[in-house]
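The structure appears right after this line, and notes come after that.
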Amino acid sequence: MSYSAPPNWQDDPEILDLAGAPVPHYGTGSLADLLPTLAAGQGVPGLAAGIIELAPADRNCVFLVDGMGWEQIKAHPEYAPFLTSLLASSRGGTGRPITAGFPATTATSLASVGTGLPPARHGLPGYAVRNPASGELMNQLRWQPWTQPKPWQPYPTVFQLADAAGVHTAQVSAPNFKSTPLTQIALSGGTFHGRMTGEERMDLAAIQLAAGERSLVYTYYSELDGAGHRHGVDSDAWRGQLMYVDRLVQRLAEQLPPRTALYVTADHGMVDVPFDEDSRIDFDEDWELGAGVALLGGEGRARHVYAVPGAEADVLTVWREVLGDRFWVASREEALDRGWFGAPGECDERVLGRIGDVIAAAQADVAITASRKEPNESALAGMHGSMTAAEQLVPLLEVRT
């Protein structure tokens with residue numbers, strides 16, 4: 001499905017048609033397809049190339065910039081001249097982006113990148129989801145409350161498969177990510193190298209690429225996302241971070257060893273949500289939205305709603321009536337059938353109960369906040385999670401040597 005801009009809800013107050021939700025391109029052009037495509041080109045068995053536009057390379061590097069959406073790069077050419085010069089190279093020279101996956105959020109996207117699987121398979125389908133075993137909300141970014149990582153996400157990572165196949169495999173990131181559960185279940189395999197500064201990561205990534213005849217190297221930068229959350233993507237702080245990222249990418253590109261393909265991508269984009277009552281709908285103050293709801297999961301622009309047993313149909317009706325002109329509101333079955341979390345019919349049994357009875361994905365620049373239960377998240381200027389082009393489309397910029 002193409003990513004044309006959806007109609008403005010203020011001009012068309014009718015309930016949004018779920019058929020109009022631009023679902024991710026699982027299997028042909030999503031983040032989950034990237035590493036399997038690269039590793040398959042390096043001869044790693046059991047993997048297939050989903051993004052057919054990408055030519056194989058002996059050495060592959062993925063530089064993931066947290067929060068750097070395709071739409072945001074295109075909107076800021078003067079702050080990112082090097083990235084802008086690479087736009088035509090995206091997705092194997094087609095000049096097109098790929099999709100993050102739903103929800104467009106860090107925990108989900110990193111799990112998709114590392115495992116090569118969509119959320120319905122790897123089982124991290126949102127920022128905070130219900131643990132069916134305990135009935136509690138489990139924050140999958142912070143991994144709170146503690147949950148055994150391997151049963152939660154049992155599949156091997158692409159890095160582990162590549163390492164077992166003799167590919168020199170490495171991750172270069174901030175030292176504090178080395179032992180996190182998210183790294184363990186999504187990005188482990190080969191060796192982890194912690195470096196504090198962006199420049200150190202770029203330099204070491206280049207060294208690690210040259211360390212093997214076949215190499216698969218991953219590196220990561222998070223501060224652009226942080227600036228967007230705190231100040232918004234329409235801020236000097238965010239633009240300053242984008243300028244810094246632009247220099248980092250150029251620094252790495254200039255050090256690539258022979259026979260290398262560098263891919264610059266992101267886990268999601270971002271939108272600024274105005275600070276007014278119409279744009280920020282406070283669940284904690286809205287008795288109508290709260291009726292029949294046992295748990296509110298997800299995040300502001302991609303909510304998992306867990307109903308009191310027996311109230312599922314009523315909650316869906318109310319949420320659709322109250323929010324359906326600004327959100328795509330679907331039942332769990334509808335979302336799965338329409339491919340929000342992966343291809344229809346491929347959801348693992350262990351993942352079903354983690355997905356909300358009702359899912360609400362923002363189409364307008366709005367969010368469902370929770371001022372008492374989620375004071376920090378509710379105060380963010382920039383948010384993400386939904387299926388709009390600004391959040392869902394991410395670059396796949398390419399430099400080859």
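In the structure tokens, each chain is lettered A, B, ... as it comes, each chain's residues begin at 1, and ligands are numbered from 1 in order of appearance.
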| task | From a DSSP pass on the backbone, collect the residues of stretch 162-361 of chain A flagged as strand (DSSP E) and hand them back as a PyMOL selection string. | result | chain A and resi 168-173+191-194+215-221+260-265+271-272+280-282+293-296+302-307+327-331+358-361
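DSSP annotation of stretch 96-170 of chain A from backbone atoms: alpha helix (DSSP H) residues are Thr106, Ala107, Thr108, Ser109, Leu110, Ala111, Ser112, Val113, Gly114, Thr115, Pro119, Ala120, Arg121, His122, Pro149, Lys150, Pro151, Trp152, Val158, Phe159, Gln160, Leu161, Ala162, Asp163 and Ala164 of chain A.
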Keeping only N, CA, C and O atoms, write the selected residues as a tab-separated table (two decimals), in the first residue's frame.
chain	number	residue	atom	x	y	z
A	106	THR	N	10.72	2.24	19.45
A	106	THR	CA	12.08	1.72	19.51
A	106	THR	C	12.16	0.24	19.87
A	106	THR	O	12.84	-0.53	19.19
A	107	ALA	N	11.49	-0.18	20.94
A	107	ALA	CA	11.60	-1.57	21.35
A	107	ALA	C	11.12	-2.51	20.25
A	107	ALA	O	11.77	-3.53	19.95
A	108	THR	N	10.00	-2.18	19.64
A	108	THR	CA	9.46	-3.01	18.58
A	108	THR	C	10.40	-3.03	17.38
A	108	THR	O	10.69	-4.10	16.81
A	109	SER	N	10.87	-1.86	16.97
A	109	SER	CA	11.71	-1.77	15.78
A	109	SER	C	13.05	-2.45	15.97
A	109	SER	O	13.55	-3.14	15.07
A	110	LEU	N	13.70	-2.27	17.13
A	110	LEU	CA	14.98	-2.91	17.34
A	110	LEU	C	14.84	-4.43	17.37
A	110	LEU	O	15.72	-5.16	16.87
A	111	ALA	N	13.74	-4.92	17.93
A	111	ALA	CA	13.51	-6.36	17.89
A	111	ALA	C	13.29	-6.84	16.46
A	111	ALA	O	13.76	-7.92	16.08
A	112	SER	N	12.60	-6.05	15.65
A	112	SER	CA	12.40	-6.41	14.25
A	112	SER	C	13.72	-6.42	13.50
A	112	SER	O	13.99	-7.32	12.69
A	113	VAL	N	14.54	-5.39	13.72
A	113	VAL	CA	15.85	-5.34	13.07
A	113	VAL	C	16.69	-6.55	13.44
A	113	VAL	O	17.22	-7.26	12.58
A	114	GLY	N	16.81	-6.82	14.73
A	114	GLY	CA	17.74	-7.84	15.18
A	114	GLY	C	17.31	-9.26	14.90
A	114	GLY	O	18.14	-10.12	14.60
A	115	THR	N	16.01	-9.53	14.98
A	115	THR	CA	15.54	-10.90	14.75
A	115	THR	C	15.17	-11.15	13.30
A	115	THR	O	15.06	-12.31	12.89
A	119	PRO	N	6.59	-7.91	14.46
A	119	PRO	CA	6.19	-7.93	15.87
A	119	PRO	C	5.30	-9.11	16.24
A	119	PRO	O	5.40	-9.61	17.37
A	120	ALA	N	4.45	-9.57	15.34
A	120	ALA	CA	3.57	-10.69	15.65
A	120	ALA	C	4.35	-11.97	15.91
A	120	ALA	O	3.82	-12.92	16.51
A	121	ARG	N	5.60	-12.02	15.48
A	121	ARG	CA	6.44	-13.20	15.70
A	121	ARG	C	7.42	-12.97	16.86
A	121	ARG	O	7.51	-13.82	17.76
A	122	HIS	N	8.17	-11.87	16.84
A	122	HIS	CA	9.17	-11.70	17.91
A	122	HIS	C	8.53	-11.36	19.24
A	122	HIS	O	9.11	-11.63	20.30
A	149	PRO	N	14.14	-12.85	29.73
A	149	PRO	CA	14.22	-12.41	28.33
A	149	PRO	C	13.99	-13.52	27.31
A	149	PRO	O	13.24	-13.34	26.34
A	150	LYS	N	14.61	-14.68	27.50
A	150	LYS	CA	14.58	-15.72	26.45
A	150	LYS	C	13.17	-16.25	26.21
A	150	LYS	O	12.76	-16.39	25.04
A	151	PRO	N	12.38	-16.57	27.23
A	151	PRO	CA	11.01	-17.00	26.94
A	151	PRO	C	10.17	-15.90	26.29
A	151	PRO	O	9.27	-16.19	25.50
A	152	TRP	N	10.47	-14.64	26.63
A	152	TRP	CA	9.70	-13.54	26.05
A	152	TRP	C	9.98	-13.40	24.56
A	152	TRP	O	9.08	-13.09	23.78
A	158	VAL	N	19.63	-12.40	14.00
A	158	VAL	CA	20.37	-12.54	12.75
A	158	VAL	C	21.86	-12.48	13.03
A	158	VAL	O	22.67	-13.16	12.38
A	159	PHE	N	22.27	-11.69	14.01
A	159	PHE	CA	23.69	-11.62	14.37
A	159	PHE	C	24.20	-12.98	14.86
A	159	PHE	O	25.32	-13.38	14.53
A	160	GLN	N	23.41	-13.68	15.64
A	160	GLN	CA	23.81	-15.00	16.11
A	160	GLN	C	23.93	-15.98	14.95
A	160	GLN	O	24.88	-16.77	14.90
A	161	LEU	N	22.99	-15.92	14.02
A	161	LEU	CA	23.05	-16.81	12.86
A	161	LEU	C	24.27	-16.49	12.00
A	161	LEU	O	24.95	-17.40	11.50
A	162	ALA	N	24.55	-15.20	11.83
A	162	ALA	CA	25.71	-14.81	11.02
A	162	ALA	C	27.01	-15.21	11.69
A	162	ALA	O	27.94	-15.72	11.03
A	163	ASP	N	27.08	-15.01	12.99
A	163	ASP	CA	28.29	-15.38	13.72
A	163	ASP	C	28.53	-16.89	13.61
A	163	ASP	O	29.67	-17.33	13.39
A	164	ALA	N	27.47	-17.68	13.73
A	164	ALA	CA	27.62	-19.13	13.61
A	164	ALA	C	28.04	-19.56	12.22
A	164	ALA	O	28.66	-20.62	12.05
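Residues in contact range of A:Trp238, defined as at most 7 Å between only C-alpha atoms, with sequence neighbours fewer than 3 positions away removed, read A:Leu224, A:Ala227, A:Gly228, A:Gly232, A:Val233, A:Ser235, A:Gln241, A:Leu242.
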Output all heavy atoms for every residue in that selection, as an mmCIF file, in the first residue's frame.
data_model
loop_
_atom_site.group_PDB
_atom_site.id
_atom_site.type_symbol
_atom_site.label_atom_id
_atom_site.label_comp_id
_atom_site.auth_asym_id
_atom_site.auth_seq_id
_atom_site.Cartn_x
_atom_site.Cartn_y
_atom_site.Cartn_z
ATOM 1 N N LEU A 224 19.313 11.964 18.851
ATOM 2 C CA LEU A 224 18.355 12.696 18.012
ATOM 3 C C LEU A 224 16.939 12.453 18.503
ATOM 4 O O LEU A 224 16.124 13.380 18.594
ATOM 5 C CB LEU A 224 18.503 12.257 16.554
ATOM 6 C CG LEU A 224 17.568 12.960 15.558
ATOM 7 C CD1 LEU A 224 18.043 14.384 15.303
ATOM 8 C CD2 LEU A 224 17.493 12.184 14.245
ATOM 9 N N ALA A 227 16.233 14.476 21.702
ATOM 10 C CA ALA A 227 15.962 15.892 21.446
ATOM 11 C C ALA A 227 14.565 16.083 20.893
ATOM 12 O O ALA A 227 13.867 17.049 21.243
ATOM 13 C CB ALA A 227 16.999 16.446 20.473
ATOM 14 N N GLY A 228 14.122 15.160 20.034
ATOM 15 C CA GLY A 228 12.773 15.258 19.492
ATOM 16 C C GLY A 228 11.713 15.093 20.553
ATOM 17 O O GLY A 228 10.712 15.818 20.572
ATOM 18 N N GLY A 232 10.741 18.587 20.521
ATOM 19 C CA GLY A 232 9.994 18.514 19.275
ATOM 20 C C GLY A 232 10.915 18.529 18.072
ATOM 21 O O GLY A 232 12.063 18.996 18.144
ATOM 22 N N VAL A 233 10.424 17.990 16.954
ATOM 23 C CA VAL A 233 11.244 17.976 15.745
ATOM 24 C C VAL A 233 11.314 19.358 15.103
ATOM 25 O O VAL A 233 12.183 19.604 14.260
ATOM 26 C CB VAL A 233 10.725 16.938 14.727
ATOM 27 C CG1 VAL A 233 10.895 15.532 15.271
ATOM 28 C CG2 VAL A 233 9.271 17.198 14.367
ATOM 29 N N SER A 235 12.450 22.140 16.387
ATOM 30 C CA SER A 235 13.189 22.850 17.432
ATOM 31 C C SER A 235 14.643 22.966 17.022
ATOM 32 O O SER A 235 15.171 22.143 16.264
ATOM 33 C CB SER A 235 13.096 22.103 18.770
ATOM 34 O OG SER A 235 13.799 20.871 18.714
ATOM 35 N N GLN A 241 20.995 18.368 16.566
ATOM 36 C CA GLN A 241 21.326 16.944 16.593
ATOM 37 C C GLN A 241 21.364 16.356 15.186
ATOM 38 O O GLN A 241 22.217 15.511 14.881
ATOM 39 C CB GLN A 241 20.313 16.184 17.450
ATOM 40 C CG GLN A 241 20.611 16.209 18.933
ATOM 41 C CD GLN A 241 21.869 15.437 19.277
ATOM 42 O OE1 GLN A 241 22.134 14.380 18.726
ATOM 43 N NE2 GLN A 241 22.661 15.982 20.199
ATOM 44 N N LEU A 242 20.457 16.778 14.333
ATOM 45 C CA LEU A 242 20.473 16.285 12.957
ATOM 46 C C LEU A 242 21.765 16.684 12.247
ATOM 47 O O LEU A 242 22.340 15.885 11.489
ATOM 48 C CB LEU A 242 19.260 16.817 12.182
ATOM 49 C CG LEU A 242 19.123 16.323 10.737
ATOM 50 C CD1 LEU A 242 18.917 14.811 10.696
ATOM 51 C CD2 LEU A 242 17.973 17.038 10.025
#
Within 12 Å of stretch 375-385 of chain A, which residues of stretch 33-87 of chain A show up? Give each one with its shortest atom-to-atom distance in Å (one decimal) and the two atoms involved, counting only C-alpha atoms, rows by chain then rising residue number, as CSV.
residue,atom,partner,partner_atom,distance
A:Asp66,CA,A:His384,CA,11.4
A:Gly67,CA,A:His384,CA,8.6
A:Met68,CA,A:His384,CA,11.2
A:Gly69,CA,A:His384,CA,10.3
Those residues with C-alpha atoms, as a compact mmCIF listing (two decimals), in the first residue's frame please?
# COMPACT_ATOMS: atom_id res chain seq x y z
CA ASP A 66 16.93 6.61 16.64
CA GLY A 67 14.06 8.87 15.57
CA MET A 68 15.37 9.93 12.14
CA GLY A 69 12.37 9.50 9.85
| message | Under the rule that only C-alpha atoms are counted, which of A:Thr401, A:Ser279, A:Gln140, A:Gln250 is the nearest residue to A:Ala362? | response | A:Ser279
Which residues are close to A:Gly194, i.e. within 7 Å by only C-alpha atoms, leaving aside same-chain residues fewer than 2 positions away? Reply as a compact mmCIF listing (two decimals) with all heavy atoms, in the first residue's frame.
# COMPACT_ATOMS: atom_id res chain seq x y z
N VAL A 172 28.39 -1.90 17.85
CA VAL A 172 29.12 -0.77 18.42
C VAL A 172 28.10 0.24 18.89
O VAL A 172 27.38 0.85 18.09
CB VAL A 172 30.07 -0.13 17.38
CG1 VAL A 172 30.87 0.99 18.03
CG2 VAL A 172 31.00 -1.17 16.78
N SER A 173 28.00 0.42 20.21
CA SER A 173 26.95 1.28 20.75
C SER A 173 27.42 1.86 22.07
O SER A 173 28.59 1.71 22.46
CB SER A 173 25.66 0.46 20.93
OG SER A 173 24.55 1.28 21.20
N ALA A 174 26.52 2.53 22.77
CA ALA A 174 26.86 3.09 24.08
C ALA A 174 27.10 1.95 25.06
O ALA A 174 26.41 0.93 25.03
CB ALA A 174 25.72 3.98 24.58
N PRO A 175 28.09 2.09 25.96
CA PRO A 175 28.43 0.98 26.87
C PRO A 175 27.27 0.50 27.72
O PRO A 175 27.18 -0.70 28.04
CB PRO A 175 29.54 1.59 27.74
CG PRO A 175 30.12 2.68 26.92
CD PRO A 175 28.99 3.24 26.12
N PHE A 192 30.24 -7.26 21.35
CA PHE A 192 29.71 -5.93 21.64
C PHE A 192 30.86 -5.02 22.03
O PHE A 192 31.69 -5.38 22.86
CB PHE A 192 28.68 -5.99 22.76
CG PHE A 192 28.03 -4.66 23.07
CD1 PHE A 192 26.79 -4.34 22.55
CD2 PHE A 192 28.67 -3.73 23.89
CE1 PHE A 192 26.19 -3.12 22.83
CE2 PHE A 192 28.09 -2.51 24.18
CZ PHE A 192 26.85 -2.20 23.64
N MET A 196 31.56 5.73 24.02
CA MET A 196 30.71 6.81 24.51
C MET A 196 30.30 7.78 23.41
O MET A 196 29.13 8.13 23.28
CB MET A 196 31.42 7.57 25.63
CG MET A 196 31.50 6.79 26.93
SD MET A 196 29.89 6.31 27.61
CE MET A 196 29.15 7.93 27.89
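Ranking A:Leu124, A:Leu35, A:Leu54, A:Leu289 by their shortest atom-to-atom distance to A:Gly342, with only C-alpha atoms included, puts A:Leu124 first.
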| message | If we count only C-alpha atoms and set the cut-off at 12 Å, which residues sit around A:Asp278, ignoring sequence neighbours fewer than 2 positions away in its own chain? Please answer as JSON, numbers by chain. | response | {"A": [10, 273, 274, 275, 276, 280, 281, 282, 323, 326, 364, 365, 366, 367, 368, 369]}
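When the distance limit is 12 Å and only C-alpha atoms are what count, the residues near A:His76, minus those fewer than 3 positions from it on the same chain, are Met68, Gly69, Trp70, Glu71, Gln72, Ile73, Tyr79, Ala80, Pro81, Phe82, Leu83, Thr84, Ser85, Val233, Asp234, Ser235, Asp236, Trp238, Arg239, Gly240, Gln241, Leu242, Met243 and Asp246 of chain A.
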| message | Set the distance at 9 Å and use only C-alpha atoms: which residues neighbour A:Pro132 once local chain neighbours fewer than 5 positions away are removed? I'd like the list as a count of residues only. | response | 5
| task | Can you work out which one of A:Val65, A:Val358, A:Leu31, A:Leu137 has the shortest atom-to-atom distance to A:Glu333, counting only C-alpha atoms? | result |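 When distances to A:Glu333 are compared using only C-alpha atoms, the smallest one comes from A:Val358.
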| task | Find, counting only C-alpha atoms, the residue in A:Leu187, A:Ala40, A:Leu262, A:Ile52 that gets nearest to A:Ala165. | result |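 Nearest to A:Ala165: A:Ala40.
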| From the set A:Arg230, A:Arg301, A:Arg400, A:Lys74, which residue has the shortest atom-to-atom contact distance to A:Tyr263, counting only C-alpha atoms? |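 Checking each candidate against A:Tyr263, we get A:Arg400 as the closest.
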| field | Atom pair atom CA of A:Val329 / atom CA of A:Leu316: separation (Å) | value |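 Here the two named atoms are 7.5 Å from each other.
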| remark: Computed gap from atom CA of A:Glu223 to atom CA of A:Asp272 is 16.7 Å
| said: Report, in Å to a single decimal, how far apart atom CA of A:Tyr127 and atom CA of A:Glu321 are. | reply: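 Distance between the two atoms: 24.9 Å.
Using only C-alpha atoms for every distance, the candidate list A:Glu254, A:Glu136, A:Asp286, A:Glu398 yields A:Glu398 as the residue closest to A:Cys61.
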